[in-house]
Amino acid sequence: MPQSVTVRVPAKVNVQLAVGAARADGFHDLANVFLAVGLYDEVTATEADSLRITVSGADAALVPTDGTNLAARAAAALAARYGRSPGVHLHIAKDIPVAGGMAGGSADGAGALLACDALWGTGAPREELLAICAELGSDVPFSLIGGAALGRGRGELLTPLEVGGGFHWVFATADGGLSTPAVYGEFDRLTAGAAVPDPEPAPSLLDALRTGDAVALAGALSNDLQPAALSLRPSLAETLRTGTAAGALAGLVSGSGPTTAFLTKDEASARQVAAALRTSGTCRTARVAAGPAPGATVIG
């Protein structure tokens with residue numbers, strides 16, 4: 001057995017997030033079109049006497065290191081399925097924004113699951129890993145598979161999507177995070193009494209992904225949670241205006257926010273938009289990344 005295993009796992013952007021009305025269990029049915037992008041966390045699993053989490057990198061102090069961390073929960077779930085001790089030291093090297101709507105915590109859960117599977121030699125089938133991911137959280141299965149996919153249910157029922165080319169993005173990070181439950185709660189408040197349609201993917205958006213047409217994709221981007229995120233964090237509207245004024249094809253709040261995502265025509269334009277955002281005072285920093293990116297991958 002290896003002494004340690006390191007897994008690299010990507011961030012995601014929701015190029016479409018269609019949200020239905022609240023269900024009886026409190027969740028919402030979604031049509032969630034995920035695209036994995038090249039900002040990565042790395043999770044290293046090393047044999048240990050007990051389950052332990054350490055974190056390094058940007059905003060590491062904001063990441064829980066107790067049993068609520070999705071990486072810890074992933075290790076415990078896999079160990080329970082195979083009747084073994086969950087003794088492992090999981091070190092998370094953060095590069096995905098924390099509480100930023102880019103599934104950084106979900107990425108860590110998927111990364112830990114794959115790392116522990118390799119470290120312990122459990123040989124869990126892909127379908128079993130995906131089932132554990134779905135138990136951990138709505139975005140965790142996509143973090144495992146990467147690429148592009150349509151998420152149904154609460155986002156965990158995935159259909160891989162064809163992507164005809166690469167897309168260039170800028171991600172502007174904000175000071176502080178936004179609670180996903182709080183954003184969904186604000187969505188419910190804003191839509192109270194209204195007829196919320198059943199969520200469906202936009203055919204034009206799926207076509208744009210399939211053909212690799214950035215201009216067409218820009219015209220089809222949508223996020224039903226954006227009004228709720230802007231209601232809770234009005235300053236994000238100025239970030240969106242700044243990015244589009246600097247030359248982005250389109251901008252939107254990524255998932256539940258507060259990271260904002262800007263689609264650009266090419267890498268040079270992405271760097272131009274990122275530079276403008278960094279000097280604008282409307283965000284903490286801006287990062288350039290391309291997608292689609294592969295899902296959780298053993299790299300060492």
# chains A, B, ... in the order shown; residues from 1 in each chain; ligands from 1
>>> residues_around(residues="stretch 176-185 of chain A", least_positions_apart="5", cutoff="8 Å", atoms="only C-alpha atoms", output="ChimeraX atom specification")
/A:98-101,225,228-229,232,256-258
>>> closest_residue(among="A:Ala174, A:Leu90, A:Ala45, A:Ala134", to="A:Ala118", atoms="only C-alpha atoms")
A:Ala45
>>> select_by_dssp(residues="stretch 57-284 of chain A", states="helix (DSSP H, G or I)", output="PyMOL selection string")
chain A and resi 60-62+70-81+104-120+126-136+140-145+180-191+203-211+214-220+226-232+236-245+267-278
>>> write_last_selection(atoms="C-alpha atoms", output="mmCIF file, in the first residue's frame")
data_model
loop_
_atom_site.group_PDB
_atom_site.id
_atom_site.type_symbol
_atom_site.label_atom_id
_atom_site.label_comp_id
_atom_site.auth_asym_id
_atom_site.auth_seq_id
_atom_site.Cartn_x
_atom_site.Cartn_y
_atom_site.Cartn_z
ATOM 1 C CA ALA A 60 -7.208 28.108 5.448
ATOM 2 C CA ALA A 61 -8.316 29.441 8.830
ATOM 3 C CA LEU A 62 -11.922 29.535 7.584
ATOM 4 C CA LEU A 70 -16.673 17.054 4.027
ATOM 5 C CA ALA A 71 -13.224 15.481 3.644
ATOM 6 C CA ALA A 72 -13.501 13.989 7.140
ATOM 7 C CA ARG A 73 -17.041 12.809 6.449
ATOM 8 C CA ALA A 74 -15.917 11.203 3.184
ATOM 9 C CA ALA A 75 -13.139 9.265 4.893
ATOM 10 C CA ALA A 76 -15.469 8.125 7.676
ATOM 11 C CA ALA A 77 -18.137 7.025 5.184
ATOM 12 C CA LEU A 78 -15.716 4.960 3.111
ATOM 13 C CA ALA A 79 -14.180 3.370 6.210
ATOM 14 C CA ALA A 80 -17.625 2.440 7.539
ATOM 15 C CA ARG A 81 -18.577 0.769 4.262
ATOM 16 C CA GLY A 104 -14.465 24.039 -2.704
ATOM 17 C CA GLY A 105 -15.777 22.026 0.245
ATOM 18 C CA SER A 106 -17.424 19.534 -2.093
ATOM 19 C CA ALA A 107 -14.173 19.237 -4.017
ATOM 20 C CA ASP A 108 -12.355 18.376 -0.803
ATOM 21 C CA GLY A 109 -14.924 15.695 -0.016
ATOM 22 C CA ALA A 110 -14.528 14.072 -3.439
ATOM 23 C CA GLY A 111 -10.752 14.390 -3.266
ATOM 24 C CA ALA A 112 -10.579 12.780 0.177
ATOM 25 C CA LEU A 113 -12.838 9.938 -0.916
ATOM 26 C CA LEU A 114 -10.669 9.095 -3.932
ATOM 27 C CA ALA A 115 -7.446 9.524 -1.936
ATOM 28 C CA CYS A 116 -8.619 7.210 0.852
ATOM 29 C CA ASP A 117 -9.855 4.635 -1.643
ATOM 30 C CA ALA A 118 -6.375 4.558 -3.204
ATOM 31 C CA LEU A 119 -4.525 4.690 0.135
ATOM 32 C CA TRP A 120 -6.541 1.888 1.714
ATOM 33 C CA ARG A 126 -17.039 4.215 -9.456
ATOM 34 C CA GLU A 127 -20.788 3.845 -8.855
ATOM 35 C CA GLU A 128 -20.205 3.271 -5.142
ATOM 36 C CA LEU A 129 -17.931 6.308 -4.874
ATOM 37 C CA LEU A 130 -20.589 8.405 -6.588
ATOM 38 C CA ALA A 131 -23.251 7.074 -4.206
ATOM 39 C CA ILE A 132 -21.124 8.100 -1.207
ATOM 40 C CA CYS A 133 -20.568 11.490 -2.826
ATOM 41 C CA ALA A 134 -24.333 11.974 -3.189
ATOM 42 C CA GLU A 135 -24.791 11.198 0.517
ATOM 43 C CA LEU A 136 -22.208 13.848 1.394
ATOM 44 C CA VAL A 140 -19.804 16.353 -4.412
ATOM 45 C CA PRO A 141 -20.572 13.851 -7.232
ATOM 46 C CA PHE A 142 -19.692 16.419 -9.899
ATOM 47 C CA SER A 143 -16.400 17.194 -8.161
ATOM 48 C CA LEU A 144 -15.513 13.532 -8.647
ATOM 49 C CA ILE A 145 -16.336 13.327 -12.369
ATOM 50 C CA THR A 180 -25.631 28.516 0.716
ATOM 51 C CA PRO A 181 -28.643 27.817 2.999
ATOM 52 C CA ALA A 182 -29.045 31.564 3.543
ATOM 53 C CA VAL A 183 -29.070 32.220 -0.203
ATOM 54 C CA TYR A 184 -31.672 29.504 -0.794
ATOM 55 C CA GLY A 185 -33.696 30.959 2.068
ATOM 56 C CA GLU A 186 -33.577 34.371 0.412
ATOM 57 C CA PHE A 187 -34.607 32.751 -2.897
ATOM 58 C CA ASP A 188 -37.650 31.303 -1.123
ATOM 59 C CA ARG A 189 -38.462 34.705 0.371
ATOM 60 C CA LEU A 190 -38.157 36.503 -2.967
ATOM 61 C CA THR A 191 -40.301 33.935 -4.787
ATOM 62 C CA PRO A 203 -31.339 24.042 -25.163
ATOM 63 C CA SER A 204 -29.368 27.065 -26.402
ATOM 64 C CA LEU A 205 -26.912 26.699 -23.532
ATOM 65 C CA LEU A 206 -26.413 22.977 -24.131
ATOM 66 C CA ASP A 207 -25.853 23.694 -27.839
ATOM 67 C CA ALA A 208 -23.273 26.371 -27.014
ATOM 68 C CA LEU A 209 -21.350 23.950 -24.804
ATOM 69 C CA ARG A 210 -21.473 21.251 -27.452
ATOM 70 C CA THR A 211 -20.172 23.554 -30.189
ATOM 71 C CA ALA A 214 -18.268 31.260 -26.165
ATOM 72 C CA VAL A 215 -20.449 34.077 -27.531
ATOM 73 C CA ALA A 216 -23.526 31.843 -27.618
ATOM 74 C CA LEU A 217 -22.760 30.495 -24.146
ATOM 75 C CA ALA A 218 -22.450 34.050 -22.823
ATOM 76 C CA GLY A 219 -25.937 34.809 -24.078
ATOM 77 C CA ALA A 220 -27.383 31.758 -22.344
ATOM 78 C CA GLN A 226 -28.367 35.508 -8.434
ATOM 79 C CA PRO A 227 -31.187 37.850 -7.281
ATOM 80 C CA ALA A 228 -30.991 36.281 -3.812
ATOM 81 C CA ALA A 229 -27.197 36.591 -3.685
ATOM 82 C CA LEU A 230 -27.405 40.243 -4.797
ATOM 83 C CA SER A 231 -30.096 40.904 -2.206
ATOM 84 C CA LEU A 232 -27.804 39.624 0.549
ATOM 85 C CA LEU A 236 -21.689 42.197 -6.102
ATOM 86 C CA ALA A 237 -23.691 44.185 -8.671
ATOM 87 C CA GLU A 238 -20.799 46.646 -9.019
ATOM 88 C CA THR A 239 -18.335 43.770 -9.463
ATOM 89 C CA LEU A 240 -20.518 42.399 -12.264
ATOM 90 C CA ARG A 241 -20.683 45.811 -13.941
ATOM 91 C CA THR A 242 -16.914 46.248 -13.695
ATOM 92 C CA GLY A 243 -16.111 42.892 -15.267
ATOM 93 C CA THR A 244 -18.460 43.316 -18.207
ATOM 94 C CA ALA A 245 -17.296 46.901 -18.772
ATOM 95 C CA GLU A 267 -7.148 33.921 -22.617
ATOM 96 C CA ALA A 268 -5.806 37.384 -23.460
ATOM 97 C CA SER A 269 -9.201 38.932 -22.813
ATOM 98 C CA ALA A 270 -9.455 37.012 -19.542
ATOM 99 C CA ARG A 271 -6.166 38.494 -18.350
ATOM 100 C CA GLN A 272 -7.344 41.973 -19.316
ATOM 101 C CA VAL A 273 -10.610 41.581 -17.407
ATOM 102 C CA ALA A 274 -8.813 40.135 -14.374
ATOM 103 C CA ALA A 275 -6.387 43.075 -14.289
ATOM 104 C CA ALA A 276 -9.256 45.568 -14.428
ATOM 105 C CA LEU A 277 -11.095 43.818 -11.624
ATOM 106 C CA ARG A 278 -8.015 43.678 -9.397
#
>>> select_by_dssp(residues="stretch 80-257 of chain A", states="strand (DSSP E or B)", output="ChimeraX atom specification")
/A:88-94,146,148-152,157-160,167-173,222-223,250-253
>>> decode(residues="stretch 28-46 of chain A", atoms="N, CA and C atoms", output="mmCIF file, in the first residue's frame")
data_model
loop_
_atom_site.group_PDB
_atom_site.id
_atom_site.type_symbol
_atom_site.label_atom_id
_atom_site.label_comp_id
_atom_site.auth_asym_id
_atom_site.auth_seq_id
_atom_site.Cartn_x
_atom_site.Cartn_y
_atom_site.Cartn_z
ATOM 1 N N HIS A 28 -34.391 21.854 -3.056
ATOM 2 C CA HIS A 28 -35.030 22.353 -4.273
ATOM 3 C C HIS A 28 -34.620 21.476 -5.443
ATOM 4 N N ASP A 29 -35.563 21.148 -6.316
ATOM 5 C CA ASP A 29 -35.189 20.485 -7.564
ATOM 6 C C ASP A 29 -34.415 21.475 -8.426
ATOM 7 N N LEU A 30 -33.384 20.962 -9.098
ATOM 8 C CA LEU A 30 -32.503 21.811 -9.883
ATOM 9 C C LEU A 30 -32.325 21.279 -11.298
ATOM 10 N N ALA A 31 -32.044 22.187 -12.206
ATOM 11 C CA ALA A 31 -31.393 21.855 -13.474
ATOM 12 C C ALA A 31 -30.085 22.634 -13.420
ATOM 13 N N ASN A 32 -29.018 21.932 -13.077
ATOM 14 C CA ASN A 32 -27.759 22.547 -12.700
ATOM 15 C C ASN A 32 -26.703 22.129 -13.721
ATOM 16 N N VAL A 33 -26.288 23.048 -14.571
ATOM 17 C CA VAL A 33 -25.283 22.712 -15.588
ATOM 18 C C VAL A 33 -23.917 23.119 -15.045
ATOM 19 N N PHE A 34 -23.136 22.104 -14.685
ATOM 20 C CA PHE A 34 -21.823 22.288 -14.090
ATOM 21 C C PHE A 34 -20.738 22.325 -15.170
ATOM 22 N N LEU A 35 -19.734 23.152 -14.946
ATOM 23 C CA LEU A 35 -18.514 23.123 -15.745
ATOM 24 C C LEU A 35 -17.342 23.180 -14.777
ATOM 25 N N ALA A 36 -16.476 22.169 -14.816
ATOM 26 C CA ALA A 36 -15.284 22.168 -13.965
ATOM 27 C C ALA A 36 -14.234 23.091 -14.569
ATOM 28 N N VAL A 37 -13.560 23.851 -13.713
ATOM 29 C CA VAL A 37 -12.566 24.826 -14.174
ATOM 30 C C VAL A 37 -11.249 24.623 -13.432
ATOM 31 N N GLY A 38 -10.182 25.136 -14.052
ATOM 32 C CA GLY A 38 -8.839 24.858 -13.591
ATOM 33 C C GLY A 38 -8.346 25.645 -12.399
ATOM 34 N N LEU A 39 -9.109 25.694 -11.338
ATOM 35 C CA LEU A 39 -8.641 26.097 -10.012
ATOM 36 C C LEU A 39 -8.779 24.850 -9.141
ATOM 37 N N TYR A 40 -7.717 24.473 -8.439
ATOM 38 C CA TYR A 40 -7.695 23.156 -7.803
ATOM 39 C C TYR A 40 -7.337 23.224 -6.332
ATOM 40 N N ASP A 41 -7.976 22.341 -5.545
ATOM 41 C CA ASP A 41 -7.484 21.956 -4.237
ATOM 42 C C ASP A 41 -6.746 20.632 -4.397
ATOM 43 N N GLU A 42 -5.794 20.389 -3.492
ATOM 44 C CA GLU A 42 -5.129 19.091 -3.442
ATOM 45 C C GLU A 42 -5.338 18.490 -2.056
ATOM 46 N N VAL A 43 -5.758 17.225 -2.032
ATOM 47 C CA VAL A 43 -6.005 16.511 -0.780
ATOM 48 C C VAL A 43 -5.016 15.357 -0.691
ATOM 49 N N THR A 44 -4.212 15.349 0.363
ATOM 50 C CA THR A 44 -3.227 14.282 0.579
ATOM 51 C C THR A 44 -3.664 13.445 1.768
ATOM 52 N N ALA A 45 -3.787 12.132 1.550
ATOM 53 C CA ALA A 45 -4.181 11.186 2.590
ATOM 54 C C ALA A 45 -2.959 10.377 3.017
ATOM 55 N N THR A 46 -2.696 10.335 4.336
ATOM 56 C CA THR A 46 -1.575 9.594 4.897
ATOM 57 C C THR A 46 -2.093 8.751 6.052
#
